[in-house]
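A.B. asks: The structure follows.
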Amino acid sequence: VPRRITLKSIDQCLRQPMLLRRLNDALRQSLERDAQVFLFVSRIRHIDPLVAILRRIFTGFCVEGTSSEDPLRAAKVTRFRQRDIRLLVTTTILERGVTVPRSDVFIADADSGLFDEASLVQMAGRAGRSSEDPAGRVVFASPQWTLSQKRAVRQITVMNRMARKNGYLKDS
């Protein structure tokens, strides 16, 4: 089930990188627990500057970014699956059909109008998709707590309850 951290918009954080501290702390926890990290952003223009900042912070980890405009997208996804890339900043192009074991999901600007309930659930669904790490972390990072985020949390909670009842999900 996603948890929320209050974070200024990515536009603001790119102008004042110190505002990223709460997100960076959460990302570090995921990297230190040896997770593969998806960081979803709402705008392609946010990827490169965010990658540059994150590379300076997480020097011991390979950080890359990709989008629909990236000719190397397929190669980067392969490298991410192979754990060569540990933190991948991306748009919703990777919300469906990408399964990476031991992954955590962070959604920056989760309050964006571009992220409706369904897309938030799809992005969150990239976490916890392996038997060795079924409890991947999901974080909604945004300045506001929107109805779409609340509904996504409610839907995921209901789906987890059903999965648990049917024996697909076990309590740790």
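Numbering starts fresh at 1 for the residues of each chain in the structure tokens, the chains themselves are lettered A, B, ... in the order given, and ligands are numbered from 1 as they appear.
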Give me the residues within 6 Å of stretch 21-38 of chain A as an MDAnalysis selection string, counting only C-alpha atoms and dropping any in the same chain fewer than 3 places off.
C.D. replies: chainID A and resid 18 86:88 102:105
A.B. asks: Pick the closest to A:Thr91 from A:Val41, A:Ala74, A:Val158, A:Ile53: which is it, counting only C-alpha atoms?
C.D. replies: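 Using only C-alpha atoms, A:Thr91 sits closest to A:Val41.
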A.B. asks: Pick out the closest residue to A:Gln144 from this set: A:Gly113, A:Pro2, A:Gly167, A:Pro17. Count only C-alpha atoms.
C.D. replies: A:Gly113
A.B. asks: Using only C-alpha atoms, which residues sit within 9 Å of A:Ala52 once same-chain residues fewer than 4 positions away are excluded, as a PyMOL selection string?
C.D. replies: chain A and resi 47-48+56-57+63-64
A.B. asks: Residues of stretch 24-169 of chain A in strand (DSSP E or B) according to DSSP, as a list in words?
C.D. replies: Gln36, Val37, Phe38, Leu39, Phe40, Val63, Glu64, Gly65, Thr66, Leu87, Leu88, Val89, Thr90, Ser103, Asp104, Val105, Phe106, Ile107, Ala108, Ser130, Asp133, Val138, Val139, Phe140, Ala141 and Ser142 of chain A
A.B. asks: Of the candidates A:Gly125, A:Pro101, A:Gly60, A:Pro49, which shows the shortest atom-to-atom distance to A:Asp11, using only C-alpha atoms?
C.D. replies: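 Nearest candidate to A:Asp11 out of A:Gly125, A:Pro101, A:Gly60, A:Pro49: A:Pro49.
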A.B. asks: Hey, what's within 10 Å of A:Thr99 if we count only C-alpha atoms and toss same-chain stuff fewer than 5 positions away? As a list in words, please?
C.D. replies: Arg81, Leu94, Gly125, Arg126, Ala127, Gly128, Arg129 and Ser130 of chain A
A.B. asks: Find the residues near A:Val77: any atom within 10 Å, counting only C-alpha atoms, skip ones fewer than 6 places away on the same chain, and give them as a list of chain:residue names.
C.D. replies: A:Glu64, A:Gly65, A:Thr66, A:Arg83, A:Asp84, A:Ile85, A:Leu88, A:Leu94, A:Val98, A:Val100
A.B. asks: Keeping only N, CA, C and O atoms, write the selected residues as a PDB file, in the first residue's frame.
C.D. replies:
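After the write, selection36.pdb holds the following:
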ATOM      1  N   GLU A  64      19.976   6.364 -14.039  1.00  0.00           N
ATOM      2  CA  GLU A  64      19.703   6.701 -15.439  1.00  0.00           C
ATOM      3  C   GLU A  64      18.274   7.201 -15.564  1.00  0.00           C
ATOM      4  O   GLU A  64      17.463   7.032 -14.653  1.00  0.00           O
ATOM      5  N   GLY A  65      17.976   7.777 -16.708  1.00  0.00           N
ATOM      6  CA  GLY A  65      16.627   8.228 -17.005  1.00  0.00           C
ATOM      7  C   GLY A  65      16.237   7.803 -18.400  1.00  0.00           C
ATOM      8  O   GLY A  65      17.103   7.603 -19.257  1.00  0.00           O
ATOM      9  N   THR A  66      14.937   7.639 -18.620  1.00  0.00           N
ATOM     10  CA  THR A  66      14.463   7.272 -19.943  1.00  0.00           C
ATOM     11  C   THR A  66      13.026   7.743 -20.129  1.00  0.00           C
ATOM     12  O   THR A  66      12.313   7.992 -19.160  1.00  0.00           O
ATOM     13  N   ARG A  83      20.123  -5.231 -13.153  1.00  0.00           N
ATOM     14  CA  ARG A  83      20.639  -4.567 -11.963  1.00  0.00           C
ATOM     15  C   ARG A  83      21.892  -3.736 -12.227  1.00  0.00           C
ATOM     16  O   ARG A  83      22.577  -3.342 -11.285  1.00  0.00           O
ATOM     17  N   ASP A  84      22.201  -3.463 -13.484  1.00  0.00           N
ATOM     18  CA  ASP A  84      23.309  -2.552 -13.795  1.00  0.00           C
ATOM     19  C   ASP A  84      22.887  -1.125 -13.429  1.00  0.00           C
ATOM     20  O   ASP A  84      23.703  -0.351 -12.945  1.00  0.00           O
ATOM     21  N   ILE A  85      21.654  -0.800 -13.706  1.00  0.00           N
ATOM     22  CA  ILE A  85      21.064   0.479 -13.311  1.00  0.00           C
ATOM     23  C   ILE A  85      20.240   0.212 -12.067  1.00  0.00           C
ATOM     24  O   ILE A  85      19.418  -0.701 -12.049  1.00  0.00           O
ATOM     25  N   LEU A  88      16.035   4.233 -11.796  1.00  0.00           N
ATOM     26  CA  LEU A  88      15.616   4.637 -13.131  1.00  0.00           C
ATOM     27  C   LEU A  88      14.527   5.692 -13.022  1.00  0.00           C
ATOM     28  O   LEU A  88      13.448   5.429 -12.503  1.00  0.00           O
ATOM     29  N   LEU A  94       6.752   3.185 -18.622  1.00  0.00           N
ATOM     30  CA  LEU A  94       7.095   1.904 -17.994  1.00  0.00           C
ATOM     31  C   LEU A  94       6.083   1.479 -16.942  1.00  0.00           C
ATOM     32  O   LEU A  94       6.370   0.633 -16.114  1.00  0.00           O
ATOM     33  N   VAL A  98       6.278  -4.075 -17.293  1.00  0.00           N
ATOM     34  CA  VAL A  98       7.679  -4.197 -16.889  1.00  0.00           C
ATOM     35  C   VAL A  98       7.711  -4.799 -15.489  1.00  0.00           C
ATOM     36  O   VAL A  98       7.199  -4.218 -14.545  1.00  0.00           O
ATOM     37  N   VAL A 100      10.249  -6.138 -12.647  1.00  0.00           N
ATOM     38  CA  VAL A 100      11.627  -6.139 -12.173  1.00  0.00           C
ATOM     39  C   VAL A 100      11.598  -6.654 -10.739  1.00  0.00           C
ATOM     40  O   VAL A 100      10.962  -6.047  -9.885  1.00  0.00           O
TER      41      VAL A 100
END
A.B. asks: Could you please determine the separation between atom CA of A:Lys150 and atom CA of A:Thr6 in Å, to one decimal place?
C.D. replies: 14.2 Å
A.B. asks: Which residues are close to A:Leu147, i.e. within 10 Å by only C-alpha atoms, leaving aside same-chain residues fewer than 6 positions away? Reply as JSON, numbers by chain.
C.D. replies: {"A": [111, 116, 117, 153]}
A.B. asks: Mind writing the picked residues with N, CA and C atoms as a PDB file, in the first residue's frame?
C.D. replies:
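The result, written out as selection-v4.pdb:
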ATOM      1  N   ASP A 111       0.392  14.139  -7.304  1.00  0.00           N
ATOM      2  CA  ASP A 111      -0.844  14.917  -7.368  1.00  0.00           C
ATOM      3  C   ASP A 111      -1.101  15.509  -8.752  1.00  0.00           C
ATOM      4  N   ASP A 116      -3.989   9.753 -12.935  1.00  0.00           N
ATOM      5  CA  ASP A 116      -5.300   9.436 -12.369  1.00  0.00           C
ATOM      6  C   ASP A 116      -5.184   8.177 -11.511  1.00  0.00           C
ATOM      7  N   GLU A 117      -6.287   7.775 -10.914  1.00  0.00           N
ATOM      8  CA  GLU A 117      -6.284   6.603 -10.038  1.00  0.00           C
ATOM      9  C   GLU A 117      -5.701   5.375 -10.739  1.00  0.00           C
ATOM     10  N   VAL A 153      -4.951   4.302  -3.239  1.00  0.00           N
ATOM     11  CA  VAL A 153      -4.607   3.607  -1.990  1.00  0.00           C
ATOM     12  C   VAL A 153      -5.750   2.677  -1.590  1.00  0.00           C
TER      13      VAL A 153
END
A.B. asks: Which is closest to A:Ala135 among A:Leu169, A:Ile107, A:Cys62, A:Leu54, if we use only C-alpha atoms?
C.D. replies: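 The answer is A:Leu169, which sits nearest to A:Ala135.
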A.B. asks: Which residue out of A:His46, A:Lys170, A:Arg161, A:Arg137 has the minimum interatomic distance to A:Arg15 when only C-alpha atoms are used?
C.D. replies: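 For A:Arg15, the nearest of the given residues is A:His46.
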